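J.: Below is run-v4.txt; it holds compact mmCIF, C-alpha atoms and all ligand atoms.
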# COMPACT_ATOMS: atom_id res chain seq x y z
CA MET A 1 93.47 56.28 36.80
CA VAL A 2 96.94 56.94 35.36
CA GLU A 3 98.68 53.90 33.91
CA PRO A 4 102.41 54.46 34.49
CA ALA A 5 104.84 52.63 32.21
CA ASP A 6 106.71 50.86 35.01
CA LEU A 7 105.21 50.85 38.47
CA ARG A 8 108.49 49.63 39.98
CA THR A 9 110.42 52.77 39.11
CA LYS A 10 107.62 55.33 39.28
CA ARG A 11 108.59 58.52 41.16
CA ILE A 12 106.06 61.13 42.23
CA PRO A 13 107.11 64.82 42.29
CA LEU A 14 106.90 66.55 45.67
CA SER A 15 105.38 70.00 46.16
CA HIS A 16 108.63 71.33 47.65
CA GLY A 17 112.22 70.24 47.75
CA THR A 18 114.06 68.84 44.79
CA GLY A 19 113.14 65.22 45.26
CA ARG A 20 110.65 62.88 43.67
CA ILE A 21 109.46 60.13 45.96
CA PRO A 22 109.68 56.56 44.62
CA ALA A 23 106.14 55.18 44.76
CA LEU A 24 107.35 51.80 45.98
CA GLY A 25 108.81 52.19 49.47
CA PHE A 26 110.39 49.83 51.98
CA GLY A 27 109.37 50.31 55.62
CA THR A 28 111.80 49.57 58.45
CA LEU A 29 109.43 48.87 61.33
CA ILE A 30 111.31 45.65 62.15
CA PRO A 31 111.80 44.83 65.85
CA ASP A 32 114.88 42.59 65.42
CA PRO A 33 118.15 44.50 64.75
CA ALA A 34 119.74 41.61 62.81
CA VAL A 35 116.65 41.25 60.61
CA THR A 36 116.67 45.03 60.06
CA LEU A 37 120.18 44.72 58.60
CA THR A 38 119.40 41.82 56.26
CA ALA A 39 115.94 43.03 55.23
CA THR A 40 117.24 46.54 54.38
CA ARG A 41 120.10 45.03 52.37
CA ASP A 42 117.70 42.66 50.56
CA ALA A 43 115.28 45.50 49.77
CA LEU A 44 118.07 47.60 48.24
CA GLU A 45 119.26 44.61 46.20
CA ALA A 46 115.72 43.86 45.01
CA GLY A 47 115.45 47.42 43.66
CA PHE A 48 113.77 49.46 46.41
CA ARG A 49 115.09 53.03 46.47
CA HIS A 50 112.77 54.51 49.10
CA PHE A 51 113.38 53.73 52.79
CA ASP A 52 111.02 54.76 55.59
CA CYS A 53 112.49 54.98 59.09
CA ALA A 54 111.56 56.43 62.48
CA GLU A 55 113.31 57.47 65.67
CA ARG A 56 110.66 55.37 67.47
CA TYR A 57 111.55 52.14 65.63
CA GLY A 58 114.84 52.08 67.56
CA ASN A 59 116.82 50.76 64.58
CA GLU A 60 118.03 53.79 62.65
CA ARG A 61 121.64 52.70 63.33
CA GLU A 62 121.06 49.31 61.67
CA VAL A 63 119.26 50.88 58.70
CA GLY A 64 122.08 53.42 58.33
CA MET A 65 124.71 50.69 58.44
CA ALA A 66 122.88 48.51 55.89
CA LEU A 67 122.40 51.46 53.53
CA GLN A 68 126.01 52.59 53.77
CA VAL A 69 127.35 49.09 53.05
CA GLY A 70 124.74 48.42 50.35
CA LEU A 71 125.25 51.70 48.48
CA THR A 72 129.02 51.18 48.38
CA ALA A 73 128.78 47.52 47.31
CA SER A 74 126.20 48.22 44.59
CA LYS A 75 127.76 51.55 43.50
CA ILE A 76 124.45 53.34 44.11
CA ALA A 77 124.73 57.09 44.78
CA ARG A 78 123.11 58.64 47.85
CA GLU A 79 121.09 60.89 45.50
CA ASP A 80 119.50 57.80 43.95
CA ILE A 81 117.83 56.72 47.17
CA PHE A 82 115.09 58.50 49.12
CA VAL A 83 115.25 58.33 52.91
CA THR A 84 112.56 59.42 55.35
CA THR A 85 112.56 59.44 59.12
CA LYS A 86 110.10 60.67 61.72
CA LEU A 87 110.05 62.93 64.77
CA TRP A 88 108.72 61.10 67.81
CA ASN A 89 105.85 62.34 70.01
CA SER A 90 108.11 63.20 72.98
CA ASN A 91 110.10 65.66 70.81
CA HIS A 92 107.26 67.96 69.70
CA ARG A 93 108.50 71.01 71.59
CA PRO A 94 110.08 73.35 68.98
CA GLU A 95 113.43 73.41 70.84
CA SER A 96 113.59 69.57 70.65
CA VAL A 97 113.03 69.30 66.91
CA GLU A 98 116.47 70.17 65.55
CA PRO A 99 118.36 68.02 68.12
CA ALA A 100 116.06 65.06 67.37
CA PHE A 101 116.55 65.55 63.63
CA GLU A 102 120.35 65.76 63.98
CA ALA A 103 120.42 62.64 66.17
CA SER A 104 118.46 60.69 63.53
CA LEU A 105 120.83 61.92 60.80
CA GLU A 106 123.81 60.77 62.84
CA ARG A 107 122.31 57.32 63.52
CA LEU A 108 121.39 56.94 59.85
CA ARG A 109 124.92 58.05 58.78
CA LEU A 110 123.42 60.61 56.40
CA ALA A 111 124.23 64.23 55.58
CA TYR A 112 120.64 65.10 54.68
CA LEU A 113 117.15 63.60 54.72
CA ASP A 114 114.79 63.52 51.77
CA LEU A 115 111.74 63.70 54.02
CA TYR A 116 111.06 64.31 57.72
CA LEU A 117 107.61 63.54 59.12
CA ILE A 118 105.90 64.33 62.40
CA HIS A 119 105.20 60.70 63.37
CA THR A 120 101.80 61.36 64.95
CA PRO A 121 99.81 64.53 65.78
CA PHE A 122 99.98 63.64 69.52
CA ALA A 123 102.53 65.44 71.71
CA PHE A 124 103.75 63.32 74.63
CA GLN A 125 105.45 64.60 77.80
CA PRO A 126 108.83 65.91 76.59
CA GLY A 127 111.96 64.00 77.52
CA ASP A 128 113.88 60.80 76.92
CA ASN A 129 111.02 58.44 77.82
CA GLN A 130 109.32 57.63 74.50
CA ASP A 131 106.32 56.08 76.25
CA PRO A 132 105.56 58.30 79.30
CA ARG A 133 102.78 56.90 81.50
CA ASP A 134 101.12 57.94 84.76
CA GLN A 135 100.63 55.51 87.68
CA ASN A 136 97.42 54.21 86.04
CA GLY A 137 99.25 53.34 82.83
CA ASN A 138 97.75 56.24 80.86
CA VAL A 139 99.87 58.17 78.37
CA ILE A 140 101.02 61.58 79.63
CA TYR A 141 100.33 64.11 76.91
CA ASP A 142 101.95 67.53 76.55
CA GLN A 143 99.33 70.31 76.49
CA GLY A 144 102.03 72.97 76.10
CA VAL A 145 102.65 72.62 72.38
CA THR A 146 100.42 72.60 69.28
CA LEU A 147 100.91 70.69 66.05
CA LEU A 148 101.42 74.02 64.30
CA ASP A 149 104.24 74.94 66.75
CA THR A 150 105.99 71.68 65.85
CA TRP A 151 105.30 72.18 62.13
CA LYS A 152 106.97 75.62 62.21
CA ALA A 153 110.09 74.02 63.69
CA LEU A 154 110.12 71.57 60.78
CA GLU A 155 109.84 74.47 58.35
CA THR A 156 113.01 75.89 59.91
CA LEU A 157 114.77 72.58 59.24
CA VAL A 158 113.95 72.96 55.55
CA ASP A 159 115.37 76.51 55.64
CA HIS A 160 118.61 75.16 57.13
CA GLY A 161 119.09 72.83 54.15
CA LYS A 162 119.60 69.35 55.60
CA CYS A 163 115.93 68.41 55.24
CA ARG A 164 114.58 68.43 51.70
CA ALA A 165 110.87 67.99 52.45
CA ILE A 166 108.48 67.73 55.40
CA GLY A 167 105.16 66.06 56.08
CA LEU A 168 102.77 64.50 58.56
CA SER A 169 101.78 61.01 59.56
CA ASP A 170 98.71 59.43 61.19
CA VAL A 171 96.55 62.48 60.56
CA GLY A 172 93.03 62.85 59.20
CA LEU A 173 91.53 65.82 57.40
CA ASN A 174 90.75 67.49 60.76
CA GLU A 175 94.46 67.79 61.58
CA LEU A 176 95.75 68.18 58.02
CA LYS A 177 93.56 71.06 56.79
CA PRO A 178 94.58 73.60 59.49
CA ILE A 179 98.26 72.87 58.84
CA VAL A 180 97.84 73.24 55.06
CA GLU A 181 96.01 76.53 55.63
CA ALA A 182 98.52 78.00 58.12
CA ALA A 183 101.82 76.60 56.84
CA ARG A 184 104.54 78.62 55.15
CA ILE A 185 105.82 75.33 53.68
CA LYS A 186 102.87 73.01 52.97
CA PRO A 187 103.13 69.28 53.79
CA ALA A 188 104.63 67.37 50.85
CA VAL A 189 103.57 63.93 52.11
CA VAL A 190 100.96 62.45 54.43
CA GLN A 191 101.64 58.90 55.66
CA VAL A 192 98.55 56.97 56.78
CA GLU A 193 97.20 53.43 56.90
CA SER A 194 95.57 52.64 53.56
CA HIS A 195 94.53 49.48 51.68
CA PRO A 196 91.36 48.24 49.97
CA TYR A 197 89.61 47.90 53.36
CA LEU A 198 90.59 51.49 54.28
CA PRO A 199 90.90 53.35 50.96
CA GLU A 200 90.85 56.84 52.58
CA THR A 201 89.20 58.15 49.42
CA GLU A 202 88.28 61.58 50.79
CA LEU A 203 91.77 62.15 52.21
CA LEU A 204 93.36 61.00 48.93
CA GLU A 205 91.16 63.39 46.94
CA TYR A 206 92.10 66.30 49.23
CA CYS A 207 95.79 65.38 48.95
CA LYS A 208 95.63 65.26 45.15
CA GLN A 209 93.92 68.67 45.04
CA ASN A 210 96.61 70.16 47.28
CA GLY A 211 99.69 68.57 45.69
CA ILE A 212 100.30 66.27 48.67
CA VAL A 213 101.49 62.68 48.19
CA LEU A 214 99.50 60.14 50.20
CA LEU A 215 101.98 57.51 51.39
CA ALA A 216 100.10 54.33 52.34
CA PHE A 217 101.29 52.09 55.14
CA ALA A 218 99.85 48.60 55.68
CA PRO A 219 99.15 48.18 51.92
CA LEU A 220 99.04 44.42 52.63
CA GLY A 221 96.91 44.93 55.73
CA HIS A 222 99.96 44.39 57.98
CA GLY A 223 99.94 40.78 56.69
CA MET A 224 97.18 39.96 59.20
CA LYS A 225 95.20 36.77 58.78
CA PRO A 226 92.40 36.47 58.01
CA GLY A 227 92.69 39.58 55.92
CA LEU A 228 93.40 40.94 52.46
CA PHE A 229 95.45 37.90 51.41
CA GLU A 230 92.29 35.76 51.69
CA ASP A 231 89.91 38.28 50.12
CA PRO A 232 88.08 36.52 47.24
CA VAL A 233 88.33 39.56 44.94
CA ILE A 234 92.12 39.83 45.47
CA LEU A 235 92.58 36.05 45.05
CA SER A 236 90.58 35.89 41.84
CA ILE A 237 92.43 38.86 40.29
CA ALA A 238 95.78 37.34 41.34
CA SER A 239 95.00 34.06 39.58
CA ARG A 240 93.63 35.87 36.50
CA VAL A 241 96.70 38.10 36.01
CA GLY A 242 99.30 35.56 37.17
CA LYS A 243 100.52 37.61 40.11
CA THR A 244 100.53 37.00 43.87
CA PRO A 245 97.91 38.63 46.15
CA ALA A 246 100.67 40.88 47.57
CA GLN A 247 101.63 42.05 44.07
CA VAL A 248 97.97 42.79 43.24
CA LEU A 249 97.55 44.89 46.40
CA LEU A 250 100.76 46.85 45.83
CA ALA A 251 99.97 47.51 42.15
CA TRP A 252 96.48 48.79 43.07
CA ALA A 253 98.02 51.21 45.58
CA VAL A 254 100.49 52.64 43.05
CA GLN A 255 97.96 52.83 40.22
CA ARG A 256 95.49 54.85 42.31
CA GLY A 257 98.18 57.47 42.74
CA THR A 258 99.56 56.78 46.21
CA ALA A 259 103.08 55.90 47.25
CA LEU A 260 103.33 52.92 49.61
CA LEU A 261 105.44 51.22 52.26
CA THR A 262 105.82 47.49 52.52
CA THR A 263 108.04 45.48 54.85
CA PRO A 264 109.16 42.17 53.39
CA THR A 265 111.71 40.54 55.69
CA THR A 266 113.17 37.91 53.34
CA ALA A 267 115.04 38.33 50.05
CA ALA A 268 112.42 36.30 48.17
CA ARG A 269 109.58 38.51 49.43
CA ALA A 270 111.57 41.67 48.71
CA ARG A 271 111.90 40.53 45.07
CA GLU A 272 108.23 39.53 44.98
CA ASN A 273 107.02 42.86 46.40
CA PHE A 274 109.21 44.85 44.01
CA ASP A 275 108.13 42.90 40.94
CA ILE A 276 104.75 44.55 40.39
CA SER A 277 103.10 45.43 37.11
CA SER A 278 99.99 47.30 36.03
CA LEU A 279 96.59 45.73 36.57
CA PRO A 280 93.89 46.11 33.92
CA GLN A 281 91.19 48.71 34.58
CA ASP A 282 88.50 46.09 35.30
CA ALA A 283 90.65 44.64 38.09
CA LEU A 284 91.17 48.11 39.61
CA ASP A 285 87.40 48.70 39.42
CA GLU A 286 86.68 45.38 41.16
CA ILE A 287 89.04 46.27 44.02
CA ASN A 288 87.47 49.72 44.28
CA ARG A 289 84.06 48.07 44.72
CA ILE A 290 85.15 46.03 47.79
CA GLN A 291 82.80 47.03 50.61
CA THR A 292 84.70 45.70 53.68
CA ARG A 293 85.95 48.53 55.90
CA GLN A 294 88.57 47.90 58.59
CA ARG A 295 91.21 50.02 60.33
CA LEU A 296 94.01 47.82 61.65
CA ASN A 297 96.29 50.28 63.42
CA THR A 298 94.97 52.25 66.40
CA VAL A 299 97.88 54.72 66.44
CA VAL A 300 95.57 57.45 65.06
CA ASN A 301 93.46 57.35 68.23
CA THR A 302 96.13 57.82 70.88
CA GLY A 303 99.55 58.29 69.26
CA VAL A 304 100.64 54.94 70.72
CA PRO A 305 101.98 52.70 67.94
CA GLY A 306 99.96 49.57 67.32
CA PHE A 307 102.99 47.46 66.50
CA ILE A 308 105.86 48.44 68.77
CA ALA A 309 106.21 46.73 72.14
CA ARG A 310 105.72 49.11 75.09
CA GLY A 311 108.99 50.31 76.50
CA ALA A 312 110.84 49.10 73.36
N1 LIG B 401 103.18 56.02 60.44
C1 LIG B 401 102.86 55.00 61.19
O1 LIG B 401 102.28 55.15 62.27
C2 LIG B 401 103.17 53.62 60.71
C3 LIG B 401 102.55 52.52 61.30
C4 LIG B 401 102.86 51.25 60.82
C5 LIG B 401 103.78 51.10 59.79
N2 LIG B 401 104.40 52.20 59.26
C6 LIG B 401 105.41 52.07 58.18
O2 LIG B 401 104.88 51.27 57.15
C7 LIG B 401 105.79 50.18 56.89
C8 LIG B 401 105.01 49.04 56.33
O3 LIG B 401 104.54 48.19 57.39
P1 LIG B 401 103.36 47.25 57.25
O4 LIG B 401 103.27 46.35 58.40
O5 LIG B 401 102.24 48.14 57.01
O6 LIG B 401 103.79 46.44 55.93
P2 LIG B 401 102.97 45.41 55.08
O7 LIG B 401 103.92 45.08 53.96
O8 LIG B 401 101.58 45.85 54.78
O9 LIG B 401 102.81 44.16 56.06
C9 LIG B 401 103.93 43.47 56.54
C10 LIG B 401 103.48 42.07 56.84
O10 LIG B 401 103.14 41.45 55.61
C11 LIG B 401 103.91 40.28 55.44
N3 LIG B 401 104.33 40.23 54.02
C12 LIG B 401 105.14 41.09 53.37
N4 LIG B 401 105.25 40.74 52.08
C13 LIG B 401 104.51 39.62 51.92
C14 LIG B 401 104.22 38.79 50.81
N5 LIG B 401 104.75 39.04 49.62
N6 LIG B 401 103.41 37.73 51.00
C15 LIG B 401 102.88 37.45 52.22
N7 LIG B 401 103.11 38.21 53.31
C16 LIG B 401 103.91 39.29 53.16
C17 LIG B 401 105.08 40.39 56.35
O11 LIG B 401 105.43 39.10 56.78
P3 LIG B 401 106.98 38.69 57.07
O12 LIG B 401 107.43 39.57 58.19
O13 LIG B 401 106.84 37.25 57.45
O14 LIG B 401 107.74 38.93 55.80
C18 LIG B 401 104.51 41.22 57.50
O15 LIG B 401 103.82 40.37 58.42
C19 LIG B 401 106.48 49.97 58.23
O16 LIG B 401 107.69 49.26 58.13
C20 LIG B 401 106.70 51.41 58.64
O17 LIG B 401 107.80 51.94 57.93
C21 LIG B 401 104.09 53.44 59.70
Will you turn the file into structure tokens for me?
Ligand SMILES: NC(=O)c1ccc[n+]([C@@H]2O[C@H](COP(=O)([O-])OP(=O)(O)OC[C@H]3O[C@@H](n4cnc5c(N)ncnc54)[C@H](OP(=O)(O)O)[C@@H]3O)[C@@H](O)[C@H]2O)c1
T.:
Amino acid sequence: MVEPADLRTKRIPLSHGTGRIPALGFGTLIPDPAVTLTATRDALEAGFRHFDCAERYGNEREVGMALQVGLTASKIAREDIFVTTKLWNSNHRPESVEPAFEASLERLRLAYLDLYLIHTPFAFQPGDNQDPRDQNGNVIYDQGVTLLDTWKALETLVDHGKCRAIGLSDVGLNELKPIVEAARIKPAVVQVESHPYLPETELLEYCKQNGIVLLAFAPLGHGMKPGLFEDPVILSIASRVGKTPAQVLLAWAVQRGTALLTTPTTAARARENFDISSLPQDALDEINRIQTRQRLNTVVNTGVPGFIARGA
């Protein structure tokens, strides 16, 4: 494994676009608008320069406001931060892609995006309802559009210049490979759940071979208890190296070559989660030998987010 000098400021080059993605990212899946404002501000102050958003999170306006105020107050240039947002499932029709992208840009108060992702490979019934259901409560899918159709519309966004890079989220190799093979502009980033209980080793290997950055969400296992914070291997390494379990988990993710998203909601946790440093090789090996396997987020099965209230 590569041992970067400073994990906190590591940036990974992308296969297209001009940007390099900061390995340490702050995720904005925060249901409360007031907490979104303070947590985004605190993350920027702690040193995070990579912000992950989504149309579906319903808080792009708050993130945009916090970033605008924070950049001005801290004299940080727009070019020094990396902002991602995601196309929601009900906007997969090619004619919906550019309007959805422009609406996100407007809410985020930005002139361009560093990265735009297709949030999930599932197309929902097109329209304003983000969670379309039939009378039995089942999701209404859209059979009239393929993932490749949507991908081609994202490629056009890159051509138009306001979108620096594009990628996918919540995909496995079965969805990723056909897009990589058919795309004019290959995915730069794939965002999936990944942590020591779901290392996604095969997907990571494929991504490395194809110049794709694997961006891990739930690097702390969504903070669920019992979970990674109580794992004996993580606890023993944390006490040995004088770091917290969260810092051990985040360092492991960066050192294995992924980028990551974490969502601290207090200033103290933002500082804690940013203050990571390299683990020794024997600690990395111990984590790699953990046998527990657990997927926490079911979004990959249906396209319905595991952590957003229905109708939110
Ligand atoms: N593509 C997708 O489908 C998808 C799905 C899920 C998430 N995401 C993205 O990934 C981001 C990361 O979300 P996540 O839930 O996976 O983040 P996470 O950082 O793995 O977990 C967040 C949870 O961990 C807790 N936590 C954070 N720092 C901690 C620390 N230092 N010590 C103890 N507990 C700590 C938080 O508690 P407090 O709230 O109490 O601080 C929260 O409950 C999201 O915001 C979103 O941007 C994407």
J.: Would you list the residues that come within 8 Å of ligand LIG 401 (chain B)? Count all atoms listed in the file and give the answer as a ChimeraX atom specification.
T.: /A:26-30,51-54,119-120,169-170,191-193,216-224,229,244-247,260-266,269-270,272-273,297,299-300,305-307
J.: Can you pull out every residue within 12 Å of Ala77 of chain A, counting only C-alpha atoms, but drop anything in the same chain fewer than 5 positions away, and send it as a tab-separated table (two decimals) with C-alpha atoms, keeping the file's coordinate frame?
T.:
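Result written to selection.tsv:
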chain	number	residue	atom	x	y	z
A	49	ARG	CA	115.09	53.03	46.47
A	67	LEU	CA	122.40	51.46	53.53
A	68	GLN	CA	126.01	52.59	53.77
A	69	VAL	CA	127.35	49.09	53.05
A	70	GLY	CA	124.74	48.42	50.35
A	71	LEU	CA	125.25	51.70	48.48
A	72	THR	CA	129.02	51.18	48.38
A	82	PHE	CA	115.09	58.50	49.12
J.: Taking 2 positions as the minimum chain separation for residues in the same chain, which residues sit within 10 Å of Thr146 of chain A when counting all atoms listed in the file? Answer as a ChimeraX atom specification.
T.: /A:92-94,121-123,142-144,148-151
J.: Counting all atoms listed in the file, what is within 9 Å of Glu95 of chain A, bar same-chain residues fewer than 4 positions away, as a ChimeraX atom specification?
T.: /A:91,99,153
J.: State, in Å with one decimal place, the distance from atom CA of Pro226 of chain A to atom CA of Gln294 of chain A.
T.: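 Taking atom CA of Pro226 of chain A and atom CA of Gln294 of chain A, their separation equals 12.1 Å.
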J.: For Val158 of chain A, which of A:His16, A:Arg78, A:Lys86, A:Arg41 is the closest residue, counting only C-alpha atoms?
T.: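 Once distances to Val158 of chain A are computed over only C-alpha atoms, the minimum belongs to A:His16.
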J.: Pick out the closest residue to Arg107 of chain A from this set: A:Asp32, A:Glu205, A:Asp275, A:Glu55. Count only C-alpha atoms.
T.: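 Smallest separation from Arg107 of chain A among the options: A:Glu55.
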J.: I'd like to know which of A:Ser278, A:Thr201, A:Asn288, A:Asn210 is closest to Glu181 of chain A, using all atoms listed in the file.
T.: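 Comparing A:Ser278, A:Thr201, A:Asn288, A:Asn210 against Glu181 of chain A, the winner is A:Asn210.
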J.: Using all atoms listed in the file, which of A:Asn89, A:Ser277, A:Asn129, A:Thr40 sits nearest Lys10 of chain A?
T.: A:Ser277
J.: What gap, in Å, lies between atom CA of Ser194 of chain A and atom CA of Phe101 of chain A?
T.: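 Atom CA of Phe101 of chain A lies at a distance of 26.6 Å from atom CA of Ser194 of chain A.
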J.: Write out as a PDB file with C-alpha atoms, in the frame of the given file the residues lying within 8 Å of Leu117 of chain A, counting only C-alpha atoms and excluding same-chain residues fewer than 6 positions away.
T.:
ATOM      1  CA  THR A  84     112.560  59.420  55.350  1.00  0.00           C
ATOM      2  CA  THR A  85     112.560  59.440  59.120  1.00  0.00           C
ATOM      3  CA  LYS A  86     110.100  60.670  61.720  1.00  0.00           C
ATOM      4  CA  LEU A  87     110.050  62.930  64.770  1.00  0.00           C
ATOM      5  CA  ILE A 166     108.480  67.730  55.400  1.00  0.00           C
ATOM      6  CA  GLY A 167     105.160  66.060  56.080  1.00  0.00           C
ATOM      7  CA  LEU A 168     102.770  64.500  58.560  1.00  0.00           C
ATOM      8  CA  SER A 169     101.780  61.010  59.560  1.00  0.00           C
TER       9      SER A 169
END
J.: Identify which of the residues A:Ala188, A:Leu296, A:Val63, A:Val254 lies closest to Leu24 of chain A, counting only C-alpha atoms when measuring atom-to-atom distances.
T.: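 Looking at the shortest contact to Leu24 of chain A, the residue is A:Val254.
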J.: Set the distance at 8 Å and use all atoms listed in the file: which residues neighbour Ile212 of chain A once local chain neighbours fewer than 2 positions away are removed? I'd like the list as a ChimeraX atom specification.
T.: /A:14-15,187-190,207-210,214
J.: Of the candidates A:Arg109, A:Arg61, A:Arg164, A:Lys75, which shows the shortest atom-to-atom distance to Ile21 of chain A, using all atoms listed in the file?
T.: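 Among the listed residues, the smallest separation from Ile21 of chain A belongs to A:Arg164.
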J.: So how far away is atom CA of Ala267 of chain A from atom CA of Asp42 of chain A, in Å?
T.: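 Spanning atom CA of Asp42 of chain A to atom CA of Ala267 of chain A is a straight-line distance of 5.1 Å.
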